[in-house]
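Quick look at model-v8.csv (CSV, C-alpha atoms):
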chain,number,residue,atom,x,y,z
Q,155,MET,CA,41.5,16.6,-60.5
Q,156,LEU,CA,44.0,14.8,-62.7
Q,157,ILE,CA,47.4,16.4,-63.4
Q,158,ALA,CA,49.1,14.3,-66.1
Q,159,GLY,CA,52.5,15.0,-67.6
Q,160,ASN,CA,53.3,14.2,-71.2
Q,161,TRP,CA,57.1,14.3,-71.5
Q,162,LYS,CA,57.1,13.8,-75.3
Q,163,MET,CA,60.5,13.1,-76.8
Q,164,ASN,CA,62.4,14.7,-73.9
Q,165,THR,CA,64.9,13.5,-71.2
Q,166,ASP,CA,67.5,10.8,-71.3
Q,167,LEU,CA,67.2,7.8,-69.0
Q,168,PRO,CA,69.1,9.3,-66.0
Q,169,GLY,CA,67.2,12.5,-66.4
Q,170,GLY,CA,63.9,10.8,-66.7
Q,171,ARG,CA,64.5,8.7,-63.6
Q,172,ALA,CA,65.7,11.8,-61.7
Q,173,LEU,CA,62.6,13.8,-62.7
Q,174,ALA,CA,60.3,11.0,-61.6
Q,175,GLU,CA,62.2,10.8,-58.3
Q,176,ASP,CA,61.8,14.6,-57.8
Q,177,ILE,CA,58.1,14.4,-58.5
Q,178,ALA,CA,57.6,11.5,-56.0
Q,179,GLU,CA,59.7,13.3,-53.4
Q,180,GLY,CA,57.8,16.5,-53.8
Q,181,ILE,CA,54.4,14.8,-53.4
Q,182,ALA,CA,55.7,12.9,-50.3
Q,183,ALA,CA,57.0,16.1,-48.8
Q,184,ALA,CA,53.6,17.8,-49.3
Q,185,GLY,CA,52.0,15.3,-46.9
Q,186,ASP,CA,48.2,15.3,-47.3
Q,187,ARG,CA,48.2,18.5,-49.3
Q,188,PHE,CA,47.8,16.6,-52.6
Q,189,ALA,CA,45.4,13.9,-51.2
Q,190,GLU,CA,42.6,14.9,-53.6
Q,191,ILE,CA,44.8,15.3,-56.7
Q,192,ASP,CA,45.4,12.4,-59.1
Q,193,PHE,CA,48.8,12.3,-60.9
Q,194,ALA,CA,50.1,10.5,-64.0
Q,195,VAL,CA,53.3,10.9,-66.1
Q,196,CYS,CA,53.8,9.6,-69.6
Q,197,PRO,CA,57.5,9.3,-70.3
Q,198,PRO,CA,59.1,8.1,-73.5
Q,199,PHE,CA,58.8,4.3,-74.1
Q,200,VAL,CA,62.4,3.5,-73.3
Q,201,HIS,CA,62.0,5.2,-69.8
Q,202,LEU,CA,58.9,3.4,-68.7
Q,203,GLN,CA,60.5,0.7,-66.6
Q,204,ALA,CA,62.9,3.1,-64.9
Q,205,VAL,CA,60.3,5.7,-64.3
Q,206,GLY,CA,57.8,3.1,-63.0
Q,207,GLU,CA,60.4,1.9,-60.5
Q,208,ALA,CA,61.1,5.5,-59.3
Q,209,LEU,CA,57.4,6.1,-58.8
Q,210,ALA,CA,56.6,2.7,-57.2
Q,211,ASP,CA,55.9,4.0,-53.7
Q,212,SER,CA,54.2,7.2,-54.9
Q,213,PRO,CA,50.5,7.8,-56.0
Q,214,VAL,CA,51.7,8.8,-59.5
Q,215,ALA,CA,50.2,6.6,-62.3
Q,216,LEU,CA,52.4,5.5,-65.1
Q,217,GLY,CA,51.2,6.2,-68.7
Q,218,ALA,CA,52.6,5.8,-72.2
Q,219,GLN,CA,52.4,8.2,-75.1
Q,220,ASP,CA,50.9,5.8,-77.7
Q,221,VAL,CA,50.0,2.2,-78.3
Q,222,HIS,CA,49.5,0.0,-81.3
Q,223,ALA,CA,46.1,-1.5,-82.2
Q,224,GLU,CA,47.4,-5.1,-82.3
Q,225,ASP,CA,48.7,-7.3,-79.5
Q,226,GLU,CA,51.8,-8.3,-81.5
Q,227,GLY,CA,53.2,-8.7,-85.0
Q,228,ALA,CA,55.6,-7.3,-87.6
Q,229,PHE,CA,55.2,-3.7,-86.6
Q,230,THR,CA,58.8,-2.3,-86.3
Q,231,SER,CA,59.2,0.3,-83.6
Q,232,ASP,CA,55.6,0.1,-82.3
Q,233,VAL,CA,54.7,-0.8,-78.8
Q,234,SER,CA,51.7,-3.0,-77.8
Q,235,ALA,CA,49.2,-2.8,-74.9
Q,236,PRO,CA,50.6,-6.0,-73.4
Q,237,MET,CA,54.1,-4.5,-73.4
Q,238,LEU,CA,52.7,-1.4,-71.6
Q,239,THR,CA,50.8,-3.3,-68.9
Q,240,SER,CA,53.8,-5.6,-68.3
Q,241,VAL,CA,55.9,-2.6,-67.2
Q,242,GLY,CA,53.1,-1.2,-65.0
Q,243,CYS,CA,51.3,1.3,-67.2
Q,244,SER,CA,47.7,2.1,-66.3
Q,245,HIS,CA,47.1,4.9,-68.9
Q,246,VAL,CA,48.0,5.7,-72.5
Q,247,ILE,CA,47.6,8.8,-74.6
Q,248,VAL,CA,45.9,8.2,-77.9
Q,249,GLY,CA,45.2,10.7,-80.7
Q,250,HIS,CA,47.6,13.4,-79.5
Q,251,SER,CA,47.6,16.3,-82.0
Q,252,GLU,CA,51.2,15.7,-82.8
Q,253,ARG,CA,50.4,12.1,-83.8
Q,254,ARG,CA,47.6,13.5,-86.0
Q,255,GLN,CA,49.7,16.2,-87.5
Q,256,TYR,CA,53.1,14.6,-88.1
Q,257,TYR,CA,52.0,11.0,-88.6
Q,258,ASP,CA,48.6,11.6,-90.3
Q,259,GLU,CA,46.8,9.6,-87.6
Q,260,THR,CA,43.1,9.4,-88.4
Q,261,ASP,CA,40.1,9.2,-86.1
Q,262,ALA,CA,39.7,5.6,-87.1
Q,263,GLN,CA,43.2,4.8,-86.0
Q,264,VAL,CA,42.6,6.6,-82.7
Q,265,ASN,CA,39.5,4.5,-82.3
Q,266,ASP,CA,41.3,1.3,-82.8
Q,267,LYS,CA,43.9,2.3,-80.2
Q,268,ALA,CA,41.3,3.4,-77.7
Q,269,ARG,CA,39.5,0.1,-78.1
Q,270,GLN,CA,42.7,-1.8,-77.7
Q,271,ALA,CA,43.6,0.1,-74.6
Q,272,ARG,CA,40.3,-0.8,-73.0
Q,273,ARG,CA,40.6,-4.5,-74.0
Q,274,HIS,CA,43.8,-4.6,-71.9
Q,275,GLY,CA,42.5,-2.5,-69.0
Q,276,LEU,CA,44.4,0.6,-69.9
Q,277,VAL,CA,42.7,4.0,-69.5
Q,278,PRO,CA,42.9,5.9,-72.8
Q,279,ILE,CA,43.6,9.6,-72.6
Q,280,VAL,CA,41.8,10.5,-75.8
Q,281,CYS,CA,43.0,13.8,-77.3
Q,282,VAL,CA,40.8,16.1,-79.4
Q,283,GLY,CA,41.2,19.7,-80.6
Q,284,GLU,CA,41.1,22.2,-83.4
Q,285,THR,CA,43.7,24.0,-85.4
Q,286,LEU,CA,43.9,27.8,-85.6
Q,287,GLU,CA,42.3,27.8,-89.0
Q,288,GLN,CA,39.4,25.7,-87.9
Q,289,ARG,CA,38.8,28.0,-85.0
Q,290,ARG,CA,39.0,31.1,-87.1
Q,291,THR,CA,36.4,29.7,-89.5
Q,292,GLY,CA,34.0,28.9,-86.6
Q,293,ASN,CA,34.4,25.1,-86.9
Q,294,ALA,CA,36.0,24.4,-83.5
Q,295,GLU,CA,33.0,22.7,-82.0
Q,296,SER,CA,32.1,20.7,-85.1
Q,297,VAL,CA,35.7,19.5,-85.4
Q,298,VAL,CA,35.9,18.4,-81.8
Q,299,ARG,CA,32.5,16.6,-82.0
Q,300,ALA,CA,33.6,14.8,-85.2
Q,301,GLN,CA,36.9,13.7,-83.5
Q,302,LEU,CA,35.0,12.4,-80.5
Q,303,GLU,CA,32.5,10.5,-82.7
Q,304,GLY,CA,35.4,8.9,-84.6
Q,305,ALA,CA,37.6,8.2,-81.7
Q,306,LEU,CA,35.0,6.9,-79.2
Q,307,ASP,CA,32.7,4.9,-81.4
Q,308,GLY,CA,32.2,1.5,-79.7
Q,309,VAL,CA,34.7,2.2,-77.0
Q,310,PRO,CA,33.3,0.6,-73.9
Q,311,VAL,CA,33.2,2.8,-70.8
Q,312,ALA,CA,31.5,1.2,-67.8
Q,313,SER,CA,32.5,3.9,-65.3
Q,314,ALA,CA,34.2,7.2,-65.3
Q,315,ASP,CA,37.5,5.5,-64.3
Q,316,ASP,CA,37.7,3.9,-67.8
Q,317,LEU,CA,38.3,7.1,-69.8
Q,318,VAL,CA,40.1,10.5,-69.8
Q,319,VAL,CA,39.6,13.1,-72.6
Q,320,ALA,CA,42.1,15.9,-73.2
Q,321,TYR,CA,41.0,19.0,-75.1
Q,322,GLU,CA,44.0,20.4,-77.0
Q,323,PRO,CA,43.7,23.7,-78.8
Q,324,VAL,CA,46.3,22.7,-81.4
Q,325,TRP,CA,47.2,26.4,-82.0
Q,326,ALA,CA,48.3,26.7,-78.3
Q,327,ILE,CA,50.5,23.7,-78.1
Q,328,GLY,CA,54.2,24.5,-77.8
Q,329,THR,CA,53.5,28.2,-78.8
Q,330,GLY,CA,53.4,29.7,-75.3
Q,331,GLU,CA,49.8,30.7,-76.2
Q,332,SER,CA,46.9,29.4,-74.2
Q,333,ALA,CA,43.2,29.4,-74.7
Q,334,THR,CA,41.4,31.8,-72.5
Q,335,PRO,CA,39.5,30.2,-69.6
Q,336,THR,CA,36.2,30.9,-71.4
Q,337,GLN,CA,37.5,29.3,-74.7
Q,338,ALA,CA,38.6,26.3,-72.8
Q,339,GLN,CA,35.4,25.9,-70.9
Q,340,ASP,CA,33.3,26.3,-74.0
Q,341,LEU,CA,35.0,23.3,-75.7
Q,342,HIS,CA,35.1,21.3,-72.5
Q,343,ALA,CA,31.4,21.7,-72.2
Q,344,VAL,CA,31.0,20.4,-75.8
Q,345,VAL,CA,33.1,17.3,-74.8
Q,346,ARG,CA,31.0,16.8,-71.6
Q,347,ALA,CA,27.7,17.0,-73.6
Q,348,ASP,CA,29.0,14.5,-76.1
Q,349,LEU,CA,30.0,12.1,-73.3
Q,350,SER,CA,26.6,12.5,-71.7
Q,351,GLU,CA,24.9,11.5,-75.0
Q,352,ARG,CA,27.3,8.6,-75.4
Q,353,TYR,CA,27.6,7.2,-71.9
Q,354,GLY,CA,24.9,8.8,-69.8
Q,355,ASP,CA,25.0,11.8,-67.5
Q,356,ALA,CA,26.3,9.9,-64.4
Q,357,ILE,CA,29.4,8.6,-66.1
Q,358,ALA,CA,30.0,11.8,-68.2
Q,359,ALA,CA,29.9,14.0,-65.1
Q,360,ASP,CA,32.9,12.3,-63.6
Q,361,VAL,CA,35.1,11.5,-66.6
Q,362,PRO,CA,38.2,13.7,-66.2
Q,363,LEU,CA,38.4,16.4,-68.9
Q,364,LEU,CA,41.9,17.8,-69.2
Q,365,TYR,CA,43.1,21.0,-70.7
Q,366,GLY,CA,46.1,20.3,-72.9
Q,367,GLY,CA,47.2,23.6,-74.3
Q,368,SER,CA,50.2,25.2,-72.6
Q,369,MET,CA,49.0,25.0,-69.0
Q,370,LYS,CA,51.6,26.5,-66.7
Q,371,PRO,CA,51.6,27.4,-63.0
Q,372,HIS,CA,50.8,31.0,-63.7
Q,373,ASN,CA,47.6,30.3,-65.7
Q,374,ALA,CA,46.5,27.0,-64.2
Q,375,ALA,CA,44.2,28.4,-61.5
Q,376,ASP,CA,42.1,30.4,-64.0
Q,377,LEU,CA,41.8,27.3,-66.3
Q,378,LEU,CA,41.2,24.8,-63.5
Q,379,SER,CA,38.5,27.1,-62.0
Q,380,GLN,CA,36.2,26.4,-65.0
Q,381,PRO,CA,33.4,24.0,-64.2
Q,382,ASP,CA,34.3,21.4,-66.9
Q,383,VAL,CA,38.1,21.6,-66.6
Q,384,ASP,CA,39.1,18.7,-64.4
Q,385,GLY,CA,42.9,18.9,-64.8
Q,386,GLY,CA,45.6,19.3,-67.3
Q,387,LEU,CA,47.6,17.3,-69.8
Q,388,ILE,CA,50.9,19.1,-69.2
Q,389,GLY,CA,53.7,19.3,-71.8
Q,390,SER,CA,56.8,21.4,-71.2
Q,391,ALA,CA,55.8,22.3,-67.6
Q,392,SER,CA,55.9,18.6,-66.7
Q,393,LEU,CA,59.7,18.5,-67.4
Q,394,GLU,CA,60.5,20.1,-64.1
Q,395,ALA,CA,59.2,18.8,-60.9
Q,396,ASP,CA,58.7,22.3,-59.5
Q,397,SER,CA,56.5,23.5,-62.3
Q,398,PHE,CA,54.5,20.2,-62.5
Q,399,LEU,CA,53.8,20.3,-58.8
Q,400,GLY,CA,53.2,24.0,-59.0
Q,401,ILE,CA,50.2,23.3,-61.3
Q,402,ALA,CA,49.0,20.7,-58.7
Q,403,GLU,CA,49.3,23.5,-56.1
Q,404,ARG,CA,47.0,25.6,-58.1
Q,405,ALA,CA,44.6,22.7,-58.4
Q,406,VAL,CA,44.5,22.4,-54.6
Q,407,GLU,CA,43.8,26.1,-54.3
Q,408,VAL,CA,41.0,25.9,-56.8
Q,409,GLN,CA,39.4,22.9,-55.0
Q,410,SER,CA,39.7,24.6,-51.6
Q,411,ALA,CA,37.9,27.7,-53.0
Q,412,LYS,CA,34.9,25.7,-54.2
Will you turn the file into structure tokens for me?
Amino acid sequence: MLIAGNWKMNTDLPGGRALAEDIAEGIAAAGDRFAEIDFAVCPPFVHLQAVGEALADSPVALGAQDVHAEDEGAFTSDVSAPMLTSVGCSHVIVGHSERRQYYDETDAQVNDKARQARRHGLVPIVCVGETLEQRRTGNAESVVRAQLEGALDGVPVASADDLVVAYEPVWAIGTGESATPTQAQDLHAVVRADLSERYGDAIAADVPLLYGGSMKPHNAADLLSQPDVDGGLIGSASLEADSFLGIAERAVEVQSAK
């Protein structure tokens, strides 16, 4: 399972470094308990170097929250894939619902970014998900399928290690609401089926599918118990080491019960 933290626009530099250190120390203190759990954190751009240094001796992968589709150029405030790899990033979030909602990011732009990530050896964490209105009108599945088609068209995936997909029920992000385990599983199954058609069953079976809608320690076990939920893209609960690692604890319990 993959437990990935999206810190969004939170923490200052000392706070981000301290949070990374607390996570690394918590994992080290757990010994082998988290041996079967993969971790990643995606701090703000300005914290990447410091957080990467704090995580250097830990198993936590470093990710970014976005990437530009070009290597370089006159793109004020944007950050390129070569910049990310130069500070040790291995993952990058693309197409997060907040980018789609607040910056009008399209599936075509997400696709450009996902392709660019793969060109530079970064693993894109491709986000898809429906709004409340789309769910109420019965269009959740068609929306997610359309987003996958737009975002992944032509994205090369040679193995399951090349891609992560996060399902975000947009109506649950930052609201304290969460999809029921059944709702989450239904859409994760849609994603898995799409990946099977796109990349073949063997790859699709092992691509991590993350739930990205207000996962917390108290609801993580029920969500992670679903057959196609392979981890979480964690927002607010990743801003404290105890809650972030608490979700990892639930993941361990779920794996032990299987």
Separation of CA of Gly169 (chain Q) from CA of Ser390 (chain Q) in Å: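 A separation of 14.5 Å between them.
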Pick from Q:Asp225, Q:Asp232, Q:Asp192, Q:Asp307 nearest to Pro213 (chain Q), counting all atoms listed in the file: Q:Asp192
Expected answer as a PyMOL selection string: all residues with atoms within 12 Å of (50.0, 25.8, -78.4), all atoms listed in the file: chain Q and resi 251-252+283-286+321-333+365-370+388-390
Two-atom distance - CA of Ala312 (chain Q), CA of Pro236 (chain Q) (Å):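 Interatomic distance, CA of Ala312 (chain Q) to CA of Pro236 (chain Q): 21.2 Å.
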Residue nearest His274 (chain Q) among Q:Gly304, Q:Pro310, Q:Pro168, Q:Gly249 (counting only C-alpha atoms):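 That would be Q:Pro310, the residue with the smallest distance to His274 (chain Q).
Of the residues listed (Q:Gly159, Q:Asp176, Q:Ala235, Q:Val264), Q:Asp176 shows the shortest atom-to-atom separation from Ala395 (chain Q); distances use only C-alpha atoms.
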Between CA of Val344 (chain Q) and CA of Asp261 (chain Q) - distance in Å to one decimal: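 Computing it gives 17.7 Å between the two atoms.
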Which residue of Q:Glu207, Q:Ala184, Q:Leu393, Q:Ala347 approaches Thr165 (chain Q) most closely, using only C-alpha atoms: Q:Leu393
His222 (chain Q) environment, 12 Å, all atoms listed in the file, sequence neighbours closer than 6 positions dropped, as a PyMOL selection string: chain Q and resi 228-238+246-249+259+263-271+274
Residues near Gln409 (chain Q), cut-off 10 Å, only C-alpha atoms, skip fewer than 6 positions along chain, as an NGL selection string: :Q and (155 or 190-191 or 375 or 378-379 or 403)
Just to be explicit: take each residue in the selection above, keep C-alpha atoms, and write the result as a compact mmCIF listing (two decimals), in the frame of the given file.
# COMPACT_ATOMS: atom_id res chain seq x y z
CA MET Q 155 41.50 16.60 -60.50
CA GLU Q 190 42.60 14.90 -53.60
CA ILE Q 191 44.80 15.30 -56.70
CA ALA Q 375 44.20 28.40 -61.50
CA LEU Q 378 41.20 24.80 -63.50
CA SER Q 379 38.50 27.10 -62.00
CA GLU Q 403 49.30 23.50 -56.10
Pick from Q:Asp340, Q:Asp166, Q:Glu224, Q:Glu179 nearest to Val200 (chain Q), counting only C-alpha atoms: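 Among the listed residues, the smallest separation from Val200 (chain Q) belongs to Q:Asp166.
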Asp315 (chain Q) surroundings by only C-alpha atoms, 8 Å radius, close-in-sequence under 2 positions cut, as a ChimeraX atom specification: /Q:277,313,317-318,361
Distance criterion (only C-alpha atoms): nearest to Ile401 (chain Q) out of Q:Ser350, Q:Ala172, Q:Ala208, Q:Phe193: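 Checking each candidate against Ile401 (chain Q), we get Q:Phe193 as the closest.
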